[in-house]
Amino acid sequence: MLEEAEEIGRRVRRARLRLGMPQADLALTLGKSQGWVSKMERGLIELDRVGLLNQVAAELHVHPNDLIGRPYTSSPSENRWQIAASSILRELRRYDLAPVFEGVPRPAKHLWRETTRLHRLRDAAANVAIMQVLPDLFREARALAETATGHEREEAFAIYAVCCKFAHTAAHALGHPELVAMASERAAWSARLSGDPVMPAVTDWMRVWDMWATADWADAIALSDRAISSVQQAYDQGAPLAIRAWGSLQLRAAVSAARGGRKEEAKDRIKHAKAAAARLSEYEGPPIHDRHSLTFSPGNVQIHAISVALEMGEQSKALDINRRTPRSVIAALPNSRQGHHHMDLARAWLWDGARDKALKELETAERIAPQLVRNHPIARSTLRSLVHAERTATREKLRRMSDRFHLDG
């Protein structure tokens with residue numbers, strides 16, 4: 001684990017030297033000291049915030065995955081998801097060619113049921129399983145769009161766009177930047193053909209996530225606001241799907257603002273999201289099928305508030321928000337969101353000096369969402385910090401005992 005931190009530091013140093021950039025110049029752009037950069041390059045300081053990792057990568061003109069070595073080296077069985085990822089990429093590349101599909105595609109209402117299955121897999125953070133399901137569903141949705149007309153054709157494109165969203169989420173979690181980029185592009189294309197008034201805003205929600213990789217915080221906020229404006233009228237009218245999208249975009253903007261150092265704006269965005277969640281909770285009417293698969297609820301707003309506080313380096317505030325949040329609100333969230341939440345709490349307790357509590361939260365996160373946590377750079381960073389602190393403490397105890405025993409005498 002500690003060698004991984006050293007390797008990240010070496011990758012940062014190689015990228016910096018390739019640009020001919022002195023340590024002092026990198027430090028200046030990051031708002032850090034030259035000593036901080038030196039320690040980071042030697043693996044003595046962790047890049048323990050996504051915003052910081054992405055900012056370092058952006059200044060060095062590389063992708064964050066290039067610095068942290070993602071996808072991580074795993075066993076052959078654990079790497080087989082990359083075969084499915086290649087199949088998905090193949091389908092996305094040939095998006096405007098006649099689909100290769102034998103037989104007659106099923107009606108849209110049947111394909112929507114398949115997306116419900118994907119929704120369950122996503123909630124369970126089963127990203128490998130999502131990758132394995134998607135190639136066939138992409139082919140069938142594209143075949144339906146080719147043969148159908150009218151509303152049925154629009155629904156086929158909507159299903160294709162939602163499949164892009166699932167591919168995008170799984171690719172982010174597993175560390176496949178090429179699939180992330182292409183899924184986002186194809187989602188925007190199919191959303192425009194779907195006839196779904198909210199779907200383009202959902203694809204912008206995806207693009208905001210991608211902008212984080214290059215630390216384009218201001219652009220991410222601008223895109224969020226454009227997407228919010230596109231669903232504002234439907235939001236004002238109380239349309240549940242528009243409320244979900246509007247609130248989810250506010251959360252995206254909150255994280256962007258926090259990483260960009262705009263603390264007050266981040267807090268305001270969280271307030272807007274809370275208001276949207278309250279409106280959604282007050283909805284009375286027939287059940288609404290969440291066709292866009294956006295996890296938006298009061299609990300999701302709370303865990304984003306905690307994450308935003310951590311991005312701003314306010315672990316005490318994050319822990320306070322957690323103490324005031326009813327456990328039932330967190331328990332109602334899907335495993336994927338709960339896993340992120342406990343990862344954040346582990347980081348908060350570590351920064352607060354409570355290593356035992358940090359380890360307990362990390363263990364909880366792994367138990368709830370193992371695939372997600374084992375592939376998440378911040379979870380790995382937190383664990384490395386815990387291992388390093390434990391070894392340091394053990395060495396100090398042994399040194400003191402050695403002194404008492406006069407082993408050097």
# chains A, B, ... in the order shown; residues from 1 in each chain; ligands from 1
call {"tool": "closest_atom_pairs", "arguments": {"of": "stretch 258-296 of chain A", "to": "stretch 331-334 of chain A", "cutoff": "12 Å", "atoms": "only C-alpha atoms", "output": "Markdown table"}}
result
| residue | atom | partner | partner_atom | distance |
| --- | --- | --- | --- | --- |
| A:Ser293 | CA | A:Pro334 | CA | 12.0 |
| A:Leu294 | CA | A:Pro334 | CA | 11.5 |
| A:Thr295 | CA | A:Pro334 | CA | 8.4 |
| A:Phe296 | CA | A:Leu333 | CA | 9.3 |
call {"tool": "closest_residue", "arguments": {"among": "A:Ile378, A:Ala145, A:Ala253, A:Met206", "to": "A:Arg49", "atoms": "only C-alpha atoms"}}
result
A:Ile378
call {"tool": "atom_distance", "arguments": {"atom1": "atom CA of A:Glu390", "atom2": "atom CA of A:Arg42"}}
result
18.9 Å
call {"tool": "residues_around", "arguments": {"residues": "A:Thr169", "least_positions_apart": "4", "cutoff": "9 Å", "atoms": "only C-alpha atoms", "output": "list in words"}}
result
Arg122, Asn127, Cys164, Lys165, Ala173, Leu174, Val180 and Met206 of chain A
call {"tool": "write_last_selection", "arguments": {"atoms": "N, CA, C and O atoms", "output": "PDB file, in the first residue's frame"}}
result
ATOM      1  N   ARG A 122     -26.776  -0.951 -10.257  1.00  0.00           N
ATOM      2  CA  ARG A 122     -26.073   0.290  -9.916  1.00  0.00           C
ATOM      3  C   ARG A 122     -26.222   0.617  -8.436  1.00  0.00           C
ATOM      4  O   ARG A 122     -25.271   1.012  -7.763  1.00  0.00           O
ATOM      5  N   ASN A 127     -20.711  -2.803 -10.511  1.00  0.00           N
ATOM      6  CA  ASN A 127     -20.344  -2.170 -11.779  1.00  0.00           C
ATOM      7  C   ASN A 127     -19.852  -3.162 -12.822  1.00  0.00           C
ATOM      8  O   ASN A 127     -20.049  -2.955 -14.027  1.00  0.00           O
ATOM      9  N   CYS A 164     -26.161   4.633 -21.915  1.00  0.00           N
ATOM     10  CA  CYS A 164     -24.925   5.424 -21.887  1.00  0.00           C
ATOM     11  C   CYS A 164     -24.630   5.914 -20.471  1.00  0.00           C
ATOM     12  O   CYS A 164     -23.473   5.923 -20.032  1.00  0.00           O
ATOM     13  N   LYS A 165     -25.672   6.309 -19.758  1.00  0.00           N
ATOM     14  CA  LYS A 165     -25.485   6.790 -18.387  1.00  0.00           C
ATOM     15  C   LYS A 165     -24.962   5.675 -17.478  1.00  0.00           C
ATOM     16  O   LYS A 165     -24.060   5.895 -16.660  1.00  0.00           O
ATOM     17  N   ALA A 173     -16.387   4.371 -12.067  1.00  0.00           N
ATOM     18  CA  ALA A 173     -16.085   3.600 -10.858  1.00  0.00           C
ATOM     19  C   ALA A 173     -14.909   2.651 -11.056  1.00  0.00           C
ATOM     20  O   ALA A 173     -14.116   2.427 -10.127  1.00  0.00           O
ATOM     21  N   LEU A 174     -14.776   2.096 -12.259  1.00  0.00           N
ATOM     22  CA  LEU A 174     -13.738   1.112 -12.514  1.00  0.00           C
ATOM     23  C   LEU A 174     -12.465   1.720 -13.102  1.00  0.00           C
ATOM     24  O   LEU A 174     -11.424   1.074 -13.121  1.00  0.00           O
ATOM     25  N   VAL A 180     -15.705   6.514 -20.461  1.00  0.00           N
ATOM     26  CA  VAL A 180     -16.365   7.662 -19.830  1.00  0.00           C
ATOM     27  C   VAL A 180     -16.656   8.735 -20.881  1.00  0.00           C
ATOM     28  O   VAL A 180     -17.786   9.230 -20.999  1.00  0.00           O
ATOM     29  N   MET A 206     -23.997  14.376 -16.584  1.00  0.00           N
ATOM     30  CA  MET A 206     -22.866  13.484 -16.829  1.00  0.00           C
ATOM     31  C   MET A 206     -21.625  14.276 -17.218  1.00  0.00           C
ATOM     32  O   MET A 206     -20.517  14.016 -16.727  1.00  0.00           O
TER      33      MET A 206
END
call {"tool": "residues_around", "arguments": {"residues": "A:Ala318", "least_positions_apart": "5", "cutoff": "9 Å", "atoms": "only C-alpha atoms", "output": "list in words"}}
result
Ala305, Ile306, Ser307, Val308, Ala309, Leu310, Arg323, Asp344, Leu345 and Ala348 of chain A
call {"tool": "write_last_selection", "arguments": {"atoms": "N, CA, C and O atoms", "output": "short mmCIF file (atom, residue, chain, number, x, y, z; two decimals), in the first residue's frame"}}
result
data_model
loop_
_atom_site.label_atom_id
_atom_site.label_comp_id
_atom_site.auth_asym_id
_atom_site.auth_seq_id
_atom_site.Cartn_x
_atom_site.Cartn_y
_atom_site.Cartn_z
N ALA A 305 -23.74 17.04 1.35
CA ALA A 305 -23.34 18.13 2.23
C ALA A 305 -22.08 17.75 3.00
O ALA A 305 -21.17 18.58 3.20
N ILE A 306 -22.00 16.49 3.41
CA ILE A 306 -20.80 16.00 4.11
C ILE A 306 -19.61 15.99 3.17
O ILE A 306 -18.51 16.44 3.52
N SER A 307 -19.82 15.50 1.95
CA SER A 307 -18.74 15.45 0.97
C SER A 307 -18.23 16.85 0.61
O SER A 307 -17.02 17.07 0.49
N VAL A 308 -19.16 17.80 0.48
CA VAL A 308 -18.79 19.18 0.17
C VAL A 308 -17.95 19.77 1.29
O VAL A 308 -16.94 20.45 1.05
N ALA A 309 -18.33 19.52 2.54
CA ALA A 309 -17.56 20.02 3.68
C ALA A 309 -16.14 19.46 3.65
O ALA A 309 -15.17 20.18 3.91
N LEU A 310 -16.00 18.19 3.30
CA LEU A 310 -14.66 17.59 3.23
C LEU A 310 -13.84 18.19 2.11
O LEU A 310 -12.63 18.40 2.26
N ARG A 323 -23.63 13.62 12.49
CA ARG A 323 -24.27 13.39 13.81
C ARG A 323 -25.73 13.83 13.79
O ARG A 323 -26.57 13.22 14.46
N ASP A 344 -16.35 8.71 2.94
CA ASP A 344 -16.17 10.10 3.36
C ASP A 344 -15.98 10.20 4.87
O ASP A 344 -15.14 10.96 5.36
N LEU A 345 -16.78 9.43 5.62
CA LEU A 345 -16.65 9.48 7.08
C LEU A 345 -15.29 8.95 7.53
O LEU A 345 -14.71 9.47 8.49
N ALA A 348 -12.98 11.76 7.14
CA ALA A 348 -13.23 12.80 8.15
C ALA A 348 -12.62 12.39 9.49
O ALA A 348 -11.97 13.20 10.17
#
